[in-house]
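K.L.:
My structure is in entry.tsv, and what it holds is TSV, C-alpha atoms:
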chain	number	residue	atom	x	y	z
A	1	MET	CA	213.69	83.80	121.72
A	2	ALA	CA	212.98	87.27	120.39
A	3	ASP	CA	212.13	89.92	122.91
A	4	PRO	CA	208.47	90.90	122.42
A	5	PHE	CA	209.23	94.33	123.85
A	6	ASP	CA	211.79	94.95	121.09
A	7	ALA	CA	210.85	98.10	119.23
A	8	GLY	CA	212.07	96.57	115.99
A	9	ALA	CA	209.87	95.00	113.35
A	10	GLY	CA	207.36	92.68	114.95
A	11	GLY	CA	207.89	94.00	118.48
A	12	ILE	CA	205.01	94.89	120.71
A	13	LEU	CA	205.42	98.59	119.94
A	14	ARG	CA	205.40	98.18	116.15
A	15	GLN	CA	202.05	96.71	115.27
A	16	PRO	CA	199.50	97.47	112.55
A	17	LYS	CA	196.67	99.87	113.23
A	18	ALA	CA	194.24	96.95	113.26
A	19	VAL	CA	196.04	95.43	116.24
A	20	TRP	CA	196.05	98.69	118.17
A	21	ALA	CA	192.36	99.26	117.40
A	22	THR	CA	191.43	95.79	118.71
A	23	ALA	CA	193.71	96.12	121.74
A	24	GLY	CA	192.27	99.53	122.57
A	25	ALA	CA	188.73	98.20	122.39
A	26	SER	CA	189.85	95.28	124.59
A	27	VAL	CA	190.99	97.72	127.29
A	28	VAL	CA	187.52	99.27	127.36
A	29	ALA	CA	185.83	95.84	127.34
A	30	PHE	CA	187.80	94.76	130.40
A	31	MET	CA	187.12	98.11	132.05
A	32	GLY	CA	183.44	97.20	132.04
A	33	ILE	CA	183.99	94.42	134.57
A	34	GLY	CA	185.31	96.59	137.40
A	35	LEU	CA	183.52	99.73	136.32
A	36	VAL	CA	180.64	99.33	138.76
A	37	ASP	CA	182.85	98.46	141.75
A	38	PRO	CA	183.27	101.98	143.21
A	39	ILE	CA	179.63	102.91	142.58
A	40	LEU	CA	177.88	99.83	143.97
A	41	PRO	CA	176.90	101.63	147.21
A	42	SER	CA	175.82	104.68	145.16
A	43	ILE	CA	173.66	102.51	142.90
A	44	ALA	CA	172.09	100.85	145.94
A	45	GLN	CA	171.29	104.26	147.38
A	46	GLY	CA	170.09	105.76	144.08
A	47	LEU	CA	167.76	102.85	143.28
A	48	ASP	CA	166.77	102.10	146.90
A	49	ALA	CA	168.19	98.58	146.63
A	50	THR	CA	169.97	96.20	149.00
A	51	ALA	CA	173.56	95.01	148.60
A	52	SER	CA	172.41	91.57	147.44
A	53	GLN	CA	170.12	93.12	144.82
A	54	VAL	CA	172.86	95.37	143.44
A	55	SER	CA	175.32	92.47	143.38
A	56	LEU	CA	173.07	90.88	140.79
A	57	LEU	CA	174.73	93.30	138.35
A	58	PHE	CA	177.68	90.91	138.41
A	59	THR	CA	175.56	87.75	138.57
A	60	SER	CA	173.48	88.52	135.48
A	61	TYR	CA	176.57	89.72	133.60
A	62	PHE	CA	178.63	86.60	134.23
A	63	LEU	CA	175.76	84.12	134.01
A	64	ILE	CA	175.06	85.29	130.47
A	65	THR	CA	178.81	85.37	129.77
A	66	ALA	CA	179.13	81.73	130.84
A	67	VAL	CA	176.31	80.52	128.61
A	68	ALA	CA	177.48	82.72	125.73
A	69	MET	CA	180.84	80.95	125.72
A	70	LEU	CA	179.09	78.06	123.98
A	71	LEU	CA	177.97	80.48	121.26
A	72	THR	CA	181.11	82.48	120.55
A	73	GLY	CA	182.99	79.82	118.58
A	74	PHE	CA	179.79	78.84	116.79
A	75	VAL	CA	179.25	82.46	115.73
A	76	SER	CA	182.83	83.46	114.87
A	77	SER	CA	183.48	80.32	112.80
A	78	ARG	CA	180.50	81.26	110.62
A	79	ILE	CA	180.58	85.05	110.29
A	80	GLY	CA	184.30	85.66	110.90
A	81	GLY	CA	186.30	87.36	113.65
A	82	ARG	CA	185.78	90.96	112.52
A	83	ARG	CA	182.00	90.70	112.35
A	84	THR	CA	181.91	88.89	115.70
A	85	LEU	CA	183.90	91.71	117.31
A	86	LEU	CA	181.60	94.34	115.83
A	87	LEU	CA	178.49	92.43	116.89
A	88	GLY	CA	179.82	92.20	120.45
A	89	LEU	CA	180.71	95.89	120.52
A	90	ALA	CA	177.27	96.84	119.21
A	91	PHE	CA	175.61	94.87	122.03
A	92	VAL	CA	177.81	96.60	124.63
A	93	VAL	CA	177.12	100.08	123.23
A	94	VAL	CA	173.36	99.53	123.27
A	95	PHE	CA	173.05	97.82	126.65
A	96	ALA	CA	175.62	99.96	128.48
A	97	GLY	CA	173.73	103.04	127.29
A	98	LEU	CA	170.41	101.55	128.37
A	99	ALA	CA	171.89	100.66	131.77
A	100	GLY	CA	172.48	104.36	132.40
A	101	THR	CA	168.76	105.06	131.89
A	102	SER	CA	167.57	102.39	134.35
A	103	GLY	CA	164.75	103.34	136.68
A	104	SER	CA	164.98	100.25	138.86
A	105	VAL	CA	167.56	97.69	139.92
A	106	GLY	CA	165.65	95.06	137.92
A	107	GLU	CA	166.08	97.03	134.69
A	108	LEU	CA	169.76	97.59	135.43
A	109	VAL	CA	170.36	93.88	136.07
A	110	GLY	CA	168.62	93.03	132.79
A	111	PHE	CA	170.66	95.51	130.78
A	112	ARG	CA	173.87	94.19	132.35
A	113	ALA	CA	172.90	90.73	131.08
A	114	GLY	CA	172.74	92.06	127.52
A	115	TRP	CA	176.06	93.79	128.13
A	116	GLY	CA	177.52	90.44	129.24
A	117	LEU	CA	176.47	88.81	125.96
A	118	GLY	CA	178.23	91.52	123.97
A	119	ASN	CA	181.36	91.34	126.09
A	120	ALA	CA	181.50	87.54	125.72
A	121	LEU	CA	181.36	87.80	121.94
A	122	PHE	CA	184.07	90.45	121.96
A	123	VAL	CA	186.65	89.27	124.49
A	124	SER	CA	186.48	85.62	123.42
A	125	THR	CA	187.41	86.63	119.87
A	126	ALA	CA	189.82	89.52	120.46
A	127	LEU	CA	193.04	87.55	121.02
A	128	ALA	CA	192.53	85.38	117.93
A	129	VAL	CA	192.03	88.55	115.89
A	130	ILE	CA	195.07	90.26	117.43
A	131	VAL	CA	197.25	87.20	116.80
A	132	GLY	CA	196.03	86.96	113.23
A	133	ALA	CA	196.72	90.62	112.48
A	134	ALA	CA	199.92	91.10	114.51
A	135	ALA	CA	203.41	91.41	113.10
A	136	GLY	CA	206.19	89.19	114.43
A	137	GLY	CA	204.29	86.14	115.67
A	138	SER	CA	202.03	85.49	118.62
A	139	ALA	CA	204.40	86.24	121.53
A	140	ALA	CA	204.10	90.02	121.19
A	141	ALA	CA	200.39	89.74	120.37
A	142	ILE	CA	199.57	87.71	123.48
A	143	LEU	CA	201.60	90.05	125.65
A	144	LEU	CA	199.78	93.03	124.16
A	145	TYR	CA	196.43	91.39	124.86
A	146	GLU	CA	197.34	90.56	128.45
A	147	SER	CA	198.57	94.13	128.92
A	148	ALA	CA	195.22	95.40	127.63
A	149	LEU	CA	193.46	93.11	130.09
A	150	GLY	CA	195.49	94.37	133.03
A	151	LEU	CA	195.13	98.02	132.00
A	152	GLY	CA	191.38	97.63	131.61
A	153	MET	CA	190.99	95.95	135.00
A	154	ALA	CA	192.99	98.78	136.58
A	155	CYS	CA	191.29	101.69	134.81
A	156	GLY	CA	187.70	100.41	135.10
A	157	PRO	CA	187.32	101.25	138.80
A	158	LEU	CA	189.08	104.59	138.25
A	159	LEU	CA	186.70	105.60	135.46
A	160	GLY	CA	183.76	104.40	137.52
A	161	ALA	CA	184.92	106.55	140.44
A	162	VAL	CA	185.51	109.74	138.43
A	163	LEU	CA	182.24	109.61	136.52
A	164	GLY	CA	180.30	107.99	139.34
A	165	ASN	CA	181.17	110.81	141.70
A	166	VAL	CA	178.86	112.99	139.60
A	167	SER	CA	176.15	110.37	139.08
A	168	TRP	CA	176.08	106.57	139.17
A	169	ARG	CA	174.60	106.70	135.64
A	170	TYR	CA	177.58	108.41	134.00
A	171	PRO	CA	179.98	105.42	134.02
A	172	PHE	CA	177.51	103.48	131.90
A	173	PHE	CA	177.16	106.31	129.39
A	174	GLY	CA	180.94	106.70	129.36
A	175	THR	CA	181.47	103.02	128.56
A	176	ALA	CA	178.91	103.15	125.75
A	177	THR	CA	180.72	106.14	124.25
A	178	LEU	CA	184.17	104.54	124.45
A	179	MET	CA	182.92	101.29	122.95
A	180	ALA	CA	181.27	103.21	120.12
A	181	ILE	CA	184.67	104.74	119.37
A	182	GLY	CA	186.16	101.24	119.44
A	183	PHE	CA	183.47	100.09	117.00
A	184	LEU	CA	184.41	102.86	114.57
A	185	CYS	CA	188.14	102.12	114.89
A	186	ILE	CA	187.72	98.41	114.21
A	187	THR	CA	185.41	99.18	111.30
A	188	ALA	CA	188.04	101.47	109.80
A	189	PHE	CA	191.28	99.58	110.49
A	190	LEU	CA	190.54	95.85	110.80
A	191	LYS	CA	190.08	93.79	107.66
A	192	GLU	CA	188.18	90.53	107.73
A	193	GLN	CA	190.35	87.51	108.44
A	194	PRO	CA	189.95	84.02	106.92
A	195	LYS	CA	187.28	81.90	108.58
A	196	PRO	CA	188.35	78.63	110.26
A	197	ALA	CA	188.44	75.60	107.98
A	198	ARG	CA	186.05	73.79	110.32
A	199	LYS	CA	182.92	75.30	111.80
A	200	THR	CA	182.53	74.96	115.56
A	201	SER	CA	179.38	73.31	116.91
A	202	LEU	CA	177.59	74.36	120.08
A	203	LEU	CA	178.55	71.11	121.83
A	204	ASP	CA	182.27	71.12	120.95
A	205	PRO	CA	183.27	73.03	124.14
A	206	ILE	CA	181.33	70.54	126.28
A	207	ARG	CA	182.99	67.60	124.53
A	208	ALA	CA	186.41	69.19	125.11
A	209	LEU	CA	185.79	69.01	128.86
A	210	GLY	CA	185.98	65.24	128.54
A	211	HIS	CA	189.77	65.69	128.63
A	212	GLY	CA	190.90	65.10	132.21
A	213	GLY	CA	193.47	67.90	132.22
A	214	LEU	CA	191.10	70.55	130.87
A	215	ALA	CA	188.32	69.42	133.21
A	216	SER	CA	190.74	69.65	136.15
A	217	ALA	CA	191.86	73.15	135.16
A	218	ALA	CA	188.24	74.25	134.79
A	219	ALA	CA	187.25	72.76	138.17
A	220	SER	CA	190.16	74.45	139.96
A	221	ALA	CA	189.41	77.75	138.21
A	222	PHE	CA	185.75	77.46	139.23
A	223	PHE	CA	186.69	77.50	142.92
A	224	TYR	CA	189.29	80.24	142.35
A	225	ASN	CA	186.82	82.47	140.53
A	226	TYR	CA	184.42	82.31	143.46
A	227	THR	CA	187.19	83.79	145.61
A	228	PHE	CA	188.18	86.34	142.95
A	229	PHE	CA	184.69	87.72	142.53
A	230	THR	CA	183.94	87.75	146.23
A	231	VAL	CA	186.80	90.25	146.45
A	232	LEU	CA	185.68	92.21	143.40
A	233	ALA	CA	181.92	92.35	144.03
A	234	PHE	CA	181.48	92.13	147.81
A	235	THR	CA	184.47	94.05	149.20
A	236	PRO	CA	183.18	97.51	148.10
A	237	PHE	CA	180.28	97.13	150.53
A	238	VAL	CA	182.66	96.11	153.31
A	239	LEU	CA	185.01	99.05	152.67
A	240	ASN	CA	182.02	101.44	152.42
A	241	MET	CA	184.09	104.27	150.94
A	242	THR	CA	183.29	107.18	148.64
A	243	PRO	CA	183.49	106.45	144.89
A	244	TYR	CA	186.84	108.28	144.66
A	245	LYS	CA	188.44	106.36	147.52
A	246	SER	CA	187.01	103.01	146.44
A	247	GLY	CA	188.13	103.70	142.86
A	248	ALA	CA	191.66	104.46	144.08
A	249	VAL	CA	191.77	101.18	146.04
A	250	PHE	CA	190.69	99.10	143.07
A	251	PHE	CA	192.93	101.04	140.70
A	252	ALA	CA	195.91	100.04	142.86
A	253	TRP	CA	194.48	96.50	142.94
A	254	GLY	CA	194.28	96.48	139.14
A	255	LEU	CA	197.83	97.78	138.74
A	256	LEU	CA	199.16	94.93	140.87
A	257	LEU	CA	197.04	92.50	138.86
A	258	ALA	CA	198.52	93.81	135.60
A	259	VAL	CA	202.15	93.82	136.76
A	260	PHE	CA	202.01	90.36	138.33
A	261	SER	CA	200.12	88.91	135.38
A	262	VAL	CA	202.42	90.20	132.63
A	263	VAL	CA	205.79	90.59	134.36
A	264	VAL	CA	206.04	88.55	137.56
A	265	ALA	CA	204.08	85.38	136.78
A	266	PRO	CA	206.19	84.29	133.76
A	267	ARG	CA	209.38	84.66	135.81
A	268	LEU	CA	207.95	82.66	138.70
A	269	GLN	CA	206.80	79.95	136.30
A	270	GLN	CA	210.22	79.72	134.71
A	271	ARG	CA	211.88	79.29	138.10
A	272	PHE	CA	209.43	77.12	140.03
A	273	GLY	CA	207.07	75.58	137.48
A	274	SER	CA	203.46	76.46	136.72
A	275	LEU	CA	201.70	74.09	139.11
A	276	LYS	CA	203.82	75.01	142.15
A	277	VAL	CA	203.31	78.70	141.42
A	278	LEU	CA	199.55	78.24	141.01
A	279	GLY	CA	199.14	76.14	144.16
A	280	GLY	CA	201.23	78.51	146.26
A	281	SER	CA	199.46	81.60	144.93
A	282	LEU	CA	196.03	80.12	145.69
A	283	VAL	CA	197.06	79.35	149.28
A	284	LEU	CA	198.40	82.90	149.74
A	285	LEU	CA	195.18	84.30	148.28
A	286	ALA	CA	193.19	82.25	150.82
A	287	VAL	CA	195.24	83.70	153.67
A	288	ASP	CA	194.86	87.22	152.25
A	289	VAL	CA	191.05	87.13	152.01
A	290	LEU	CA	190.77	85.60	155.47
A	291	VAL	CA	192.80	88.48	156.95
A	292	LEU	CA	190.72	90.90	154.85
A	293	GLY	CA	187.53	89.58	156.41
A	294	TYR	CA	188.70	89.79	160.01
A	295	GLY	CA	191.00	92.82	159.93
A	296	ASP	CA	190.19	96.44	160.65
A	297	HIS	CA	189.39	98.92	157.88
A	298	THR	CA	193.03	99.73	157.05
A	299	THR	CA	193.91	96.03	156.97
A	300	ALA	CA	190.95	95.37	154.66
A	301	VAL	CA	192.16	98.07	152.25
A	302	VAL	CA	195.72	96.71	152.21
A	303	CYS	CA	194.56	93.11	151.73
A	304	THR	CA	192.17	94.12	148.94
A	305	ILE	CA	195.03	95.77	147.04
A	306	LEU	CA	197.42	92.90	147.78
A	307	SER	CA	194.95	90.34	146.43
A	308	GLY	CA	195.54	91.84	142.98
A	309	ALA	CA	199.06	90.36	142.98
A	310	PHE	CA	197.84	86.81	143.63
A	311	ILE	CA	194.94	87.19	141.20
A	312	GLY	CA	197.32	88.40	138.48
A	313	VAL	CA	199.58	85.36	138.92
A	314	ASN	CA	196.64	82.97	138.96
A	315	ASN	CA	195.09	84.48	135.84
A	316	THR	CA	198.24	83.98	133.79
A	317	VAL	CA	198.80	80.38	134.88
A	318	TYR	CA	195.17	79.39	134.40
A	319	THR	CA	195.23	80.95	130.92
A	320	GLU	CA	198.18	78.80	129.91
A	321	LEU	CA	196.70	75.69	131.49
A	322	ALA	CA	193.45	76.07	129.58
A	323	LEU	CA	195.21	76.74	126.28
A	324	GLY	CA	197.90	74.07	126.56
A	325	VAL	CA	196.69	71.18	128.68
A	326	SER	CA	194.52	69.40	126.10
A	327	ASP	CA	194.74	68.58	122.41
A	328	ALA	CA	191.44	70.34	121.63
A	329	PRO	CA	191.60	73.41	119.35
A	330	ARG	CA	192.38	76.43	121.52
A	331	PRO	CA	189.10	78.29	120.84
A	332	VAL	CA	187.11	75.17	121.76
A	333	ALA	CA	189.16	74.43	124.90
A	334	SER	CA	188.89	78.05	125.98
A	335	ALA	CA	185.11	78.10	125.51
A	336	GLY	CA	184.63	74.93	127.56
A	337	TYR	CA	186.91	76.19	130.32
A	338	ASN	CA	185.18	79.57	130.46
A	339	PHE	CA	181.75	77.95	130.43
A	340	VAL	CA	182.60	76.24	133.74
A	341	ARG	CA	184.47	78.97	135.56
A	342	TRP	CA	182.18	81.90	134.81
A	343	PHE	CA	179.37	80.21	136.71
A	344	ALA	CA	181.42	80.80	139.87
A	345	ALA	CA	181.85	84.45	138.89
A	346	ALA	CA	178.06	84.64	138.66
A	347	ALA	CA	177.52	82.82	141.96
A	348	ALA	CA	179.92	84.73	144.23
A	349	PRO	CA	178.34	88.22	143.93
A	350	TYR	CA	174.94	86.72	144.75
A	351	PHE	CA	175.88	84.40	147.60
A	352	ALA	CA	178.41	86.61	149.43
A	353	PRO	CA	175.82	89.23	150.51
A	354	LYS	CA	173.30	86.46	151.26
A	355	ILE	CA	175.82	84.68	153.49
A	356	GLU	CA	176.40	87.95	155.33
A	357	GLU	CA	172.63	88.33	155.86
A	358	TRP	CA	172.40	84.77	157.19
A	359	THR	CA	175.51	84.99	159.41
A	360	ASP	CA	177.81	88.00	159.74
A	361	ILE	CA	180.22	90.07	157.64
A	362	HIS	CA	183.20	87.78	158.27
A	363	VAL	CA	181.79	84.49	156.98
A	364	PRO	CA	181.68	85.38	153.25
A	365	PHE	CA	185.46	85.77	153.38
A	366	VAL	CA	185.84	82.47	155.22
A	367	VAL	CA	183.92	80.81	152.38
A	368	ALA	CA	186.12	82.61	149.84
A	369	ALA	CA	189.26	81.39	151.59
A	370	VAL	CA	187.93	77.81	151.57
A	371	THR	CA	187.16	77.94	147.84
A	372	ALA	CA	190.69	79.19	147.10
A	373	LEU	CA	192.08	76.25	149.08
A	374	LEU	CA	189.77	73.88	147.19
A	375	GLY	CA	191.20	75.26	143.96
A	376	ALA	CA	194.71	74.50	145.23
A	377	LEU	CA	193.60	71.04	146.33
A	378	VAL	CA	192.39	70.23	142.81
A	379	VAL	CA	195.80	71.29	141.45
A	380	VAL	CA	197.58	68.97	143.91
A	381	VAL	CA	195.29	65.97	143.45
A	382	ARG	CA	195.13	66.31	139.66
A	383	ARG	CA	198.74	67.38	139.10
A	384	ASN	CA	199.48	64.39	136.85
A	385	ALA	CA	196.65	65.33	134.51
A	386	LEU	CA	197.88	68.93	134.48
A	387	THR	CA	201.58	68.16	133.97
A	388	HIS	CA	201.21	68.15	130.17
A	389	GLU	CA	200.97	71.95	130.29
A	390	ALA	CA	204.24	72.35	132.16
A	391	GLU	CA	206.06	70.38	129.47
A	392	GLU	CA	204.62	72.46	126.62
A	393	LEU	CA	204.54	75.95	128.12
A	394	GLU	CA	206.21	77.49	125.09
A	395	THR	CA	203.62	75.89	122.81
A	396	ALA	CA	200.84	77.43	124.86
A	397	HIS	CA	202.49	80.84	124.54
A	398	ALA	CA	203.12	80.45	120.83
A	399	THR	CA	199.75	79.18	119.67
A	400	GLU	CA	198.48	80.82	116.52
A	401	ASP	CA	194.95	79.46	116.48
A	402	GLY	CA	193.99	80.28	120.05
A	403	VAL	CA	191.39	82.35	121.78
A	404	THR	CA	192.54	83.27	125.27
A	405	VAL	CA	190.53	82.64	128.36
A	406	PHE	CA	189.44	85.88	129.95
A	407	ALA	CA	191.63	86.08	132.97
A	408	ASN	CA	190.33	88.11	135.10
Turn the structure described in the file into structure tokens.
P.N.:
Amino acid sequence: MADPFDAGAGGILRQPKAVWATAGASVVAFMGIGLVDPILPSIAQGLDATASQVSLLFTSYFLITAVAMLLTGFVSSRIGGRRTLLLGLAFVVVFAGLAGTSGSVGELVGFRAGWGLGNALFVSTALAVIVGAAAGGSAAAILLYESALGLGMACGPLLGAVLGNVSWRYPFFGTATLMAIGFLCITAFLKEQPKPARKTSLLDPIRALGHGGLASAAASAFFYNYTFFTVLAFTPFVLNMTPYKSGAVFFAWGLLLAVFSVVVAPRLQQRFGSLKVLGGSLVLLAVDVLVLGYGDHTTAVVCTILSGAFIGVNNTVYTELALGVSDAPRPVASAGYNFVRWFAAAAAPYFAPKIEEWTDIHVPFVVAAVTALLGALVVVVRRNALTHEAEELETAHATEDGVTVFAN
């Protein structure tokens, strides 16, 4: 198998300008997820809001993202990948800019919902566009996309901290500016690609979930995503640090996520098999968040950063499961899978602060540990339905018609 890092023709470093433009915009799109992490306490203070109210920034974002997954294939199969990317970017530019002008937490939550729609249209289409425009096959293209994801998840909190230290509004204006640059780059460098031979209906992703393996992967990922976004959305309030310090913590978290997603996970899969790696990583994540919830401040910081390693591994394996476990077209399978799992990403930021209000600060992490274990339990109980992926791992990596799941 050719080395995707090879600097020769078709390697990851020798790609057309269209690929680099899309990958660069992808970095910024993924930055938007963790951007608000370091400034959540600042937003709460600036808008006189509670932690549960501010956490709705994540809930509205991912709730709209989940529903929009049913629309992305419908839209892109009719207007084409390039126009879908530009439409998504335009939504992000407008709503990220408006978010920076918010006068109340209600306005900010609403603008984040519009931002979520734009991000769904963009990130659900980006890999298919990168694969279609890349030189040297899909291996280098997928690796480039996953690298963009990891870099964006790492840099989002850092950008949020640097700009948010001046004002909580600046990170939103900064994102709007960067996405506007991405819009111009894609307009200039990316040509329209052929539309799919068959148009996708709104119900195709739901029908795809009738496959036992895909439904099992989605159910397991649902529980996992609740744990993931408890860490991402609730931990900043527990750490209660300045934007700079919180940004540094989540930057380190994002670096581990990127390295373990792109470099470590494939090696572990090759040695132990995807399902064993996923089950083991989910159990370790459960232990990590439990220690995070009951440890002192230093322990909480260390466990927050360490969780990035387990999350990176899980993201990669879940991506391959969703793309390779069923015989549904990859964009359709991905949309159905994302439709299920993003509801957990919307639920966790809302319920974690509520659970703290009802009980104490430790219990939200106990719940997060339980959901990670439930995700592992689904993998064990449904391993026969998921085994198809392990046999065709290379096919999942090499797909040409796929849209990746957004890993997280």
K.L.:
Taking into account all atoms listed in the file, which residue in the set A:Thr200, A:Thr230, A:Ser102, A:Thr371 is nearest to Arg330 of chain A?
P.N.:
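Nearest candidate to Arg330 of chain A out of A:Thr200, A:Thr230, A:Ser102, A:Thr371: A:Thr200.
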K.L.:
Quote the spacing between atom CA of Gly279 of chain A and atom CA of Val259 of chain A in Å to one decimal place.
P.N.:
19.4 Å
K.L.:
Find the residues near segment 162-175 of chain A: any atom within 8 Å, counting only C-alpha atoms, skip ones fewer than 2 places away on the same chain, and give them as a ChimeraX atom specification.
P.N.:
/A:28,32,35-36,38-39,42-43,46,93,96-97,99-101,158-160,177-179,243-244,247
K.L.:
Determine the nearest neighbour of Ala148 of chain A from the options A:Gly24, A:Gly103, A:Pro205, A:Gly213, counting all atoms listed in the file.
P.N.:
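Nearest to Ala148 of chain A: A:Gly24.
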K.L.:
Using all atoms listed in the file, can you tell me which of A:Gly73, A:Val289, A:Leu214, A:Val381 comes closest to Leu202 of chain A?
P.N.:
A:Gly73
K.L.:
Check the smallest atom-to-atom distance from each of A:Gln269, A:Asp37, A:Thr299, A:Ala218 to Lys245 of chain A using all atoms listed in the file, then report the winner.
P.N.:
A:Asp37
K.L.:
For Tyr224 of chain A, which of A:Tyr318, A:Phe74, A:Trp115, A:Phe58 is the closest residue, counting all atoms listed in the file?
P.N.:
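Once distances to Tyr224 of chain A are computed over all atoms listed in the file, the minimum belongs to A:Tyr318.
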K.L.:
Separation of atom CA of Ala113 of chain A and atom CA of Val54 of chain A, in Å?
P.N.:
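It comes out at 13.2 Å.
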K.L.:
Identify, on the basis of only C-alpha atoms, every residue whose closest approach to Ala90 of chain A does not exceed 12 Å; exclude the query and any residue fewer than 5 positions from it along the same chain; express the result as a list in words.
P.N.:
Ala25, Ala29, Arg83, Thr84, Leu85, Phe95, Ala96, Gly97, Gly114, Trp115, Gly116, Leu117, Gly118, Asn119, Leu121, Phe122, Thr175, Ala176, Thr177, Leu178, Met179, Ala180, Ile181, Gly182, Phe183, Leu184, Ile186 and Thr187 of chain A
K.L.:
Could you write out the selected residues, including C-alpha atoms, as an mmCIF file, keeping the file's coordinate frame?
P.N.:
data_model
loop_
_atom_site.group_PDB
_atom_site.id
_atom_site.type_symbol
_atom_site.label_atom_id
_atom_site.label_comp_id
_atom_site.auth_asym_id
_atom_site.auth_seq_id
_atom_site.Cartn_x
_atom_site.Cartn_y
_atom_site.Cartn_z
ATOM 1 C CA ALA A 25 188.730 98.200 122.390
ATOM 2 C CA ALA A 29 185.830 95.840 127.340
ATOM 3 C CA ARG A 83 182.000 90.700 112.350
ATOM 4 C CA THR A 84 181.910 88.890 115.700
ATOM 5 C CA LEU A 85 183.900 91.710 117.310
ATOM 6 C CA PHE A 95 173.050 97.820 126.650
ATOM 7 C CA ALA A 96 175.620 99.960 128.480
ATOM 8 C CA GLY A 97 173.730 103.040 127.290
ATOM 9 C CA GLY A 114 172.740 92.060 127.520
ATOM 10 C CA TRP A 115 176.060 93.790 128.130
ATOM 11 C CA GLY A 116 177.520 90.440 129.240
ATOM 12 C CA LEU A 117 176.470 88.810 125.960
ATOM 13 C CA GLY A 118 178.230 91.520 123.970
ATOM 14 C CA ASN A 119 181.360 91.340 126.090
ATOM 15 C CA LEU A 121 181.360 87.800 121.940
ATOM 16 C CA PHE A 122 184.070 90.450 121.960
ATOM 17 C CA THR A 175 181.470 103.020 128.560
ATOM 18 C CA ALA A 176 178.910 103.150 125.750
ATOM 19 C CA THR A 177 180.720 106.140 124.250
ATOM 20 C CA LEU A 178 184.170 104.540 124.450
ATOM 21 C CA MET A 179 182.920 101.290 122.950
ATOM 22 C CA ALA A 180 181.270 103.210 120.120
ATOM 23 C CA ILE A 181 184.670 104.740 119.370
ATOM 24 C CA GLY A 182 186.160 101.240 119.440
ATOM 25 C CA PHE A 183 183.470 100.090 117.000
ATOM 26 C CA LEU A 184 184.410 102.860 114.570
ATOM 27 C CA ILE A 186 187.720 98.410 114.210
ATOM 28 C CA THR A 187 185.410 99.180 111.300
#
K.L.:
What is the distance between atom CA of Ala161 of chain A and atom CA of Ala49 of chain A, in Å to one decimal?
P.N.:
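Answer for the atom CA of Ala161 of chain A to atom CA of Ala49 of chain A separation: 19.5 Å.
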